[in-house]
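Student: Below: one structure in structure tokens.
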Amino acid sequence: MMKAKNLWTLLATLYLFFFISFAGSQEPNTQLTVQFHEAGVDYKAQDYKKAIELYEDIVKTGWVSGALYYNLGNSYLKDGQLGKAILSYERARRLLPRDSDLISNYNFALSQIKNEGDMGKEPFVNRLINRYADSFTFDEMMVIVFICFFLTGFSYFLGLFFKWSPRTYVTSIVVTCLLLFGNGFIFAYKVGQQKNLAVVISNASAKFEPLADATTHFELTPGWRVKILTPEGEWVKVKRWDGKVGWIKSDTVGKI
Amino acid sequence: MKDVGCKEKFFRNFFIGFLTLCLYWTTPLTGSYSDDTSFEASVNTNKVSLGETLQLTLTFQGGKIDSPPEIPHIDGLEVRYLGPSTSITIINGQYSSHVSHIYTVFPQKTGTLQIPAVTVKVNGKAFSSQPIAIEVVNAAVDSPGAGDDNNSAAAATSIKDRIFVTLEIPRKQVYLNEKIPLIIRLYINGLAVRDVQYPQFQHDGFTVEEFSKPRQYQQVIGGVRYEVLEFTTDIYSTRAGELKLGPATLVCNLLFKNSNRQRFPANGFDNFFEDDFFQGVFNNYQKRALSLSSVDLPIHVLTLPEEGRPPDFSGAVGTFTFDAKASPQKVGVADPVTLKMTVSGAGNLETVTMPALKADENFKLYDPQIKEENGNKILEQVVIPKSEKVREIPAIKFSYFDPEKKSYQTIDRGPFPIQVTKSENKDEFKVVGFDQNKPVSDTHGEEEFGRNIVFIKDQPGQFRRIHEYLYKKPLFISGWIALIFGWIILAVFYRRRQKLQTDVSYARALKAPKKAKKGLDSARKFMTEGKQNEFYNTIFKTLSEYLADKLHLSSAGVTIEAIDQKLKKQQNRRASGADLTNILNNVESILHECDMVRYALMKLDSHKMQENFKKLEEVIDQLERVGR
């Protein structure tokens, strides 16, 4: 009986290991690495515009990394482009959510936002969920949900086949199900929260209508996060944190 | 067709004549001329075939002369006056005009002939043109762009003489990183050119700025008037040594006419009547792509001299001015003072490193903001005085190498006097992270420092496709599907195992065909070997055990009646259409014959054995179907 149990555990571990490592594997790209280092040299020489240009060129290739967005954010911040800096940091946070340097620079950039106090605070539960969700990348959250699903099924069948005591069996099922549904809910919440999220990159007047001479509804400052609702030509309909909705020019906002 | 051609010609001549008259009337008839008035002669080509003509134009810049100048008799050339032409140009509000008198020249003999200088007197002042040499040859050579009879003389010259590109720089010896103005000119004589693209040129070892908007003008070279399109830019050498610039290449479209019916526009690319509208109405031209190349230029790039190089020199080359000022001059402690430095002048501003102020115990410095505006490089440095004892911001120096003077120059600015008073607002202290009143040795309280960002990362980490997530990958999705299928298979397996353990009749029925197959194999073996007793014993045992397992009976309870009863039950339950009578008959027959052989010691032939074997197979097969 013990041998069969060990075999089961071994097979399950091997499956998880190979599946996650192969599914997450990426191609290396030496050319981009060289360009990344060249941009770093320009940054160190305080030629931030050149560094931005090189980093943006890498982004245009379609290959990105957390460190790339982090360095781009630094370059923009040094170049005085606060909105674009925060946008880059936001993008970096999706790839390096627990990086202490990034968290520090991101918080510093946020502290530079004008009318910072106007942005308001979210309810406690939302902040708690956000804090947990922001600690992981999308991929990590997906792996966590996958492992929870695996563990739920695994403990269910292990208990059945190996005749666990009812107490152990029910406890394991309840715990794994809670983990599965909890993480599944947070993952869905994170996807919903971050969908169409954008950062204001330059001062913008939100209008009641998508017209240049329309009445201004409210003002947006570089660095503020807004939700993009509808695009309309060169205008986009955005929603501010307080629920106010208005139209701004699409080039004043960058989707995360 | 002829009528249509005549109408076109009439309208076109009328239009040209009307515009010429308008321009003629509006030309100011002033009696006095400024110093920039000039008189010059030009020909449309200086090489012509015998029997063809060329066009001589006498142009008076800056005014007009009432009557056409007299052309002296020239041996071998006959000259006829065609008429005047007035041109007015207004560029950026600058008005200029010139009157041209046009003549047709008929060569009478071959050889090199000369149109002498022509002299006119305007308000008592004599103006003379330059003499022009022309070459008259025997045979005409056709070339593109020469589609018209009057202009066919121009065709005698090579196309390379009529459209070409030049590349020019002011000096062949320059210093490293020195600003070098570069000019590329496109010369056109008597050809219609369209779609002129910006030139390109080889520039290994140089950085190049963008071309400015091209300038257009006319120039007479060797008596031939050219339309000139001039492209200018600045280049900077990035390495020392013997370098090569160019060749410059320029791509354009040459227009040439399909038929000789209409007059070809002969004034290059800027003739009003070459507008597409007029071409579409009056002419029918075709485009031909033309790629022109200039010669290349060798340049000797010198390194900057070591001698006299100031210690603070950081690579600026050119002729610069440097200015710096601090404001406000009256501040409180920890209030910001902005030191603004401006570098301007001729040189590569991008490579100019602005002078830096060194931080000391008197000042706190923030990262400077550097920008380029209108040819100036501006640095704004925020300086925070830490105490009211500060009286001035130290002087700063800017050094550069002047290639004109071939020496290093240093400009000093400052020191900048400031008046610092003790600040009363302590909150402002905290903004910059500096508290003058807090003792430096006090480490028990909360530390407060200036805030800034953490430095960039040296390694890019793992690159990944933008917007590519794990959950979108086929392998990940297939993993999910495999996992779900795995759980389903496990559930089925568990249920089957449970049934086998708890349902004896199900377990027996499931095992019955396997056991029967083994019995059939043994029976087949005995049948082949001709062992009749063993065969019938095996047949009997196989059939009895099979029926007992299949119908959940005890071995002793396998009777025809019991089988019949069980089979009818199963048939009713599963609504099977199997022929039960046939099955029962076969079972009865096999059992009967087995009994005959086993107990009555009857001998049966091999044919009968085969028949019974087949019956047994049929019974098992039919019962298996009933069981499904």
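By order in the structure tokens, chains are A, B, ...; within a chain, residues start at 1; ligands start at 1, following the order shown.
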Select, as a compact mmCIF listing (two decimals) with N, CA and C atoms, in the first residue's frame, those residues of chain B with any atom no more than 10 Å from chain A (distances computed using only C-alpha atoms).
Tutor:
```txt
# COMPACT_ATOMS: atom_id res chain seq x y z
N GLU B 350 24.42 68.31 -28.80
CA GLU B 350 24.07 67.01 -28.20
C GLU B 350 25.23 66.43 -27.41
N THR B 351 26.44 66.70 -27.85
CA THR B 351 27.60 66.12 -27.17
C THR B 351 28.21 67.08 -26.14
N THR B 353 28.63 68.49 -22.76
CA THR B 353 28.33 68.14 -21.37
C THR B 353 28.30 69.42 -20.55
N ASP B 367 19.04 66.38 -8.87
CA ASP B 367 19.42 66.04 -10.25
C ASP B 367 19.02 67.18 -11.18
N PRO B 368 19.95 67.62 -12.03
CA PRO B 368 19.60 68.74 -12.91
C PRO B 368 18.67 68.32 -14.05
N GLN B 369 17.92 69.27 -14.54
CA GLN B 369 17.07 69.05 -15.72
C GLN B 369 17.77 69.68 -16.91
N ILE B 370 18.00 68.88 -17.96
CA ILE B 370 18.72 69.39 -19.14
C ILE B 370 17.79 69.29 -20.34
N LYS B 371 17.73 70.37 -21.11
CA LYS B 371 16.88 70.36 -22.31
C LYS B 371 17.53 71.19 -23.41
N ARG B 451 14.67 61.91 -0.84
CA ARG B 451 14.19 60.73 -1.56
C ARG B 451 14.58 60.83 -3.02
N ASN B 452 14.90 59.68 -3.60
CA ASN B 452 15.18 59.62 -5.02
C ASN B 452 14.92 58.19 -5.48
N ILE B 453 15.11 57.95 -6.75
CA ILE B 453 14.78 56.61 -7.24
C ILE B 453 15.99 55.69 -7.17
N VAL B 454 15.70 54.39 -7.07
CA VAL B 454 16.76 53.38 -7.07
C VAL B 454 17.30 53.26 -8.48
N PHE B 455 18.57 52.94 -8.60
CA PHE B 455 19.24 52.91 -9.90
C PHE B 455 18.66 51.81 -10.80
N ILE B 456 18.99 51.91 -12.09
CA ILE B 456 18.46 50.94 -13.07
C ILE B 456 19.05 49.54 -12.85
N LYS B 457 18.41 48.57 -13.44
CA LYS B 457 18.89 47.19 -13.33
C LYS B 457 19.89 46.89 -14.45
N ASP B 458 20.90 46.09 -14.11
CA ASP B 458 21.95 45.77 -15.09
C ASP B 458 21.56 44.61 -16.00
N GLN B 459 20.70 43.75 -15.52
CA GLN B 459 20.33 42.59 -16.34
C GLN B 459 18.86 42.69 -16.74
N PRO B 460 18.56 42.34 -17.99
CA PRO B 460 17.17 42.50 -18.45
C PRO B 460 16.23 41.44 -17.89
N GLY B 461 16.77 40.37 -17.32
CA GLY B 461 15.88 39.29 -16.87
C GLY B 461 15.38 38.50 -18.07
N GLN B 462 14.35 37.72 -17.84
CA GLN B 462 13.85 36.87 -18.92
C GLN B 462 12.89 37.66 -19.80
N PHE B 463 13.22 37.74 -21.11
CA PHE B 463 12.33 38.41 -22.05
C PHE B 463 11.14 37.50 -22.35
N ARG B 464 10.01 38.11 -22.53
CA ARG B 464 8.82 37.35 -22.88
C ARG B 464 8.00 38.18 -23.86
N ARG B 465 7.17 37.51 -24.63
CA ARG B 465 6.32 38.22 -25.59
C ARG B 465 5.34 39.12 -24.84
N ILE B 466 5.14 40.31 -25.38
CA ILE B 466 4.22 41.24 -24.75
C ILE B 466 2.81 40.66 -24.80
N HIS B 467 2.05 40.84 -23.73
CA HIS B 467 0.68 40.34 -23.61
C HIS B 467 0.58 38.83 -23.83
N GLU B 468 1.66 38.11 -23.60
CA GLU B 468 1.58 36.65 -23.70
C GLU B 468 1.56 36.08 -22.29
N TYR B 469 0.49 35.41 -21.96
CA TYR B 469 0.33 34.89 -20.62
C TYR B 469 0.28 33.37 -20.66
N LEU B 470 0.60 32.79 -19.51
CA LEU B 470 0.68 31.34 -19.39
C LEU B 470 -0.66 30.69 -19.73
N TYR B 471 -1.74 31.32 -19.29
CA TYR B 471 -3.04 30.69 -19.49
C TYR B 471 -3.48 30.69 -20.96
N LYS B 472 -2.74 31.44 -21.80
CA LYS B 472 -3.07 31.42 -23.23
C LYS B 472 -2.26 30.37 -23.98
N LYS B 473 -1.29 29.75 -23.31
CA LYS B 473 -0.39 28.83 -24.01
C LYS B 473 -1.05 27.46 -24.19
N PRO B 474 -0.89 26.88 -25.38
CA PRO B 474 -1.53 25.58 -25.65
C PRO B 474 -1.09 24.50 -24.66
N LEU B 475 0.18 24.53 -24.26
CA LEU B 475 0.68 23.50 -23.35
C LEU B 475 -0.02 23.59 -22.00
N PHE B 476 -0.23 24.83 -21.56
CA PHE B 476 -0.89 25.01 -20.27
C PHE B 476 -2.35 24.56 -20.36
N ILE B 477 -2.99 24.93 -21.46
CA ILE B 477 -4.39 24.53 -21.65
C ILE B 477 -4.49 23.01 -21.73
N SER B 478 -3.56 22.40 -22.48
CA SER B 478 -3.59 20.93 -22.61
C SER B 478 -3.32 20.28 -21.25
N GLY B 479 -2.52 20.94 -20.42
CA GLY B 479 -2.27 20.43 -19.07
C GLY B 479 -3.55 20.38 -18.26
N TRP B 480 -4.33 21.48 -18.38
CA TRP B 480 -5.62 21.52 -17.69
C TRP B 480 -6.53 20.39 -18.18
N LEU B 483 -5.40 17.09 -16.95
CA LEU B 483 -5.70 16.92 -15.52
C LEU B 483 -7.17 16.55 -15.32
N ILE B 484 -8.04 17.26 -16.04
CA ILE B 484 -9.48 16.99 -15.90
C ILE B 484 -9.79 15.55 -16.38
N GLY B 486 -7.74 13.11 -16.45
CA GLY B 486 -7.14 12.21 -15.45
C GLY B 486 -8.08 11.97 -14.29
N TRP B 487 -8.70 13.08 -13.82
CA TRP B 487 -9.65 12.93 -12.71
C TRP B 487 -10.85 12.09 -13.14
N LEU B 490 -9.84 8.44 -13.26
CA LEU B 490 -9.70 7.93 -11.89
C LEU B 490 -11.06 7.65 -11.27
N ALA B 491 -12.03 8.53 -11.53
CA ALA B 491 -13.37 8.35 -10.97
C ALA B 491 -14.01 7.08 -11.53
N TYR B 494 -12.28 4.08 -10.06
CA TYR B 494 -12.66 3.86 -8.66
C TYR B 494 -14.04 3.20 -8.57
N ARG B 497 -13.88 -0.41 -9.53
CA ARG B 497 -13.24 -1.20 -8.48
C ARG B 497 -14.19 -1.43 -7.31
N GLN B 498 -14.92 -0.37 -6.99
CA GLN B 498 -15.89 -0.48 -5.91
C GLN B 498 -16.95 -1.53 -6.24
```
Student: With only C-alpha atoms as the counted atoms, please give the residues lying no more than 7 Å from stretch 165-175 of chain A, apart from itself and same-chain residues fewer than 5 positions off, as a ChimeraX atom specification.
Tutor: /A:152,155-156,159
Student: Write out the residues from the selection above, keeping N, CA and C atoms, as a PDB file, in the first residue's frame.
Tutor:
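Written file, part.pdb:
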```
ATOM      1  N   THR A 152      -6.850  19.648  -4.897  1.00  0.00           N
ATOM      2  CA  THR A 152      -8.221  19.289  -4.538  1.00  0.00           C
ATOM      3  C   THR A 152      -8.553  17.883  -5.064  1.00  0.00           C
ATOM      4  N   SER A 155      -6.233  15.123  -3.377  1.00  0.00           N
ATOM      5  CA  SER A 155      -6.602  14.713  -2.020  1.00  0.00           C
ATOM      6  C   SER A 155      -7.935  13.961  -2.036  1.00  0.00           C
ATOM      7  N   TYR A 156      -8.819  14.353  -2.932  1.00  0.00           N
ATOM      8  CA  TYR A 156     -10.112  13.658  -3.043  1.00  0.00           C
ATOM      9  C   TYR A 156      -9.908  12.172  -3.379  1.00  0.00           C
ATOM     10  N   GLY A 159      -7.731  10.141  -0.742  1.00  0.00           N
ATOM     11  CA  GLY A 159      -8.555   9.750   0.411  1.00  0.00           C
ATOM     12  C   GLY A 159      -9.459   8.575   0.093  1.00  0.00           C
TER      13      GLY A 159
END
```
Student: Would you list, as a list in words, the residues of stretch 45-206 of chain A that end up in strand (DSSP E or B) under DSSP run on this structure's backbone?
Tutor: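 Result set for stretch 45-206 of chain A (strand (DSSP E or B)): Trp63, Val64, Leu197, Ala198, Val199, Val200, Ala204, Ser205 and Ala206 of chain A.
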Student: Here is a test: counting only C-alpha atoms, which residue of A:Lys255, A:Thr9, A:Glu38, A:Asn130 is nearest to A:Ile58?
Tutor: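 Answer, going by the shortest atom-to-atom distance: A:Glu38.
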Student: Tell me which protein, DNA and RNA residues are within 7 Å of stretch 119-122 of chain B, counting only C-alpha atoms, leaving out same-chain ones fewer than 4 positions away, and put them as a PyMOL selection string.
Tutor: chain B and resi 65+69+126-129
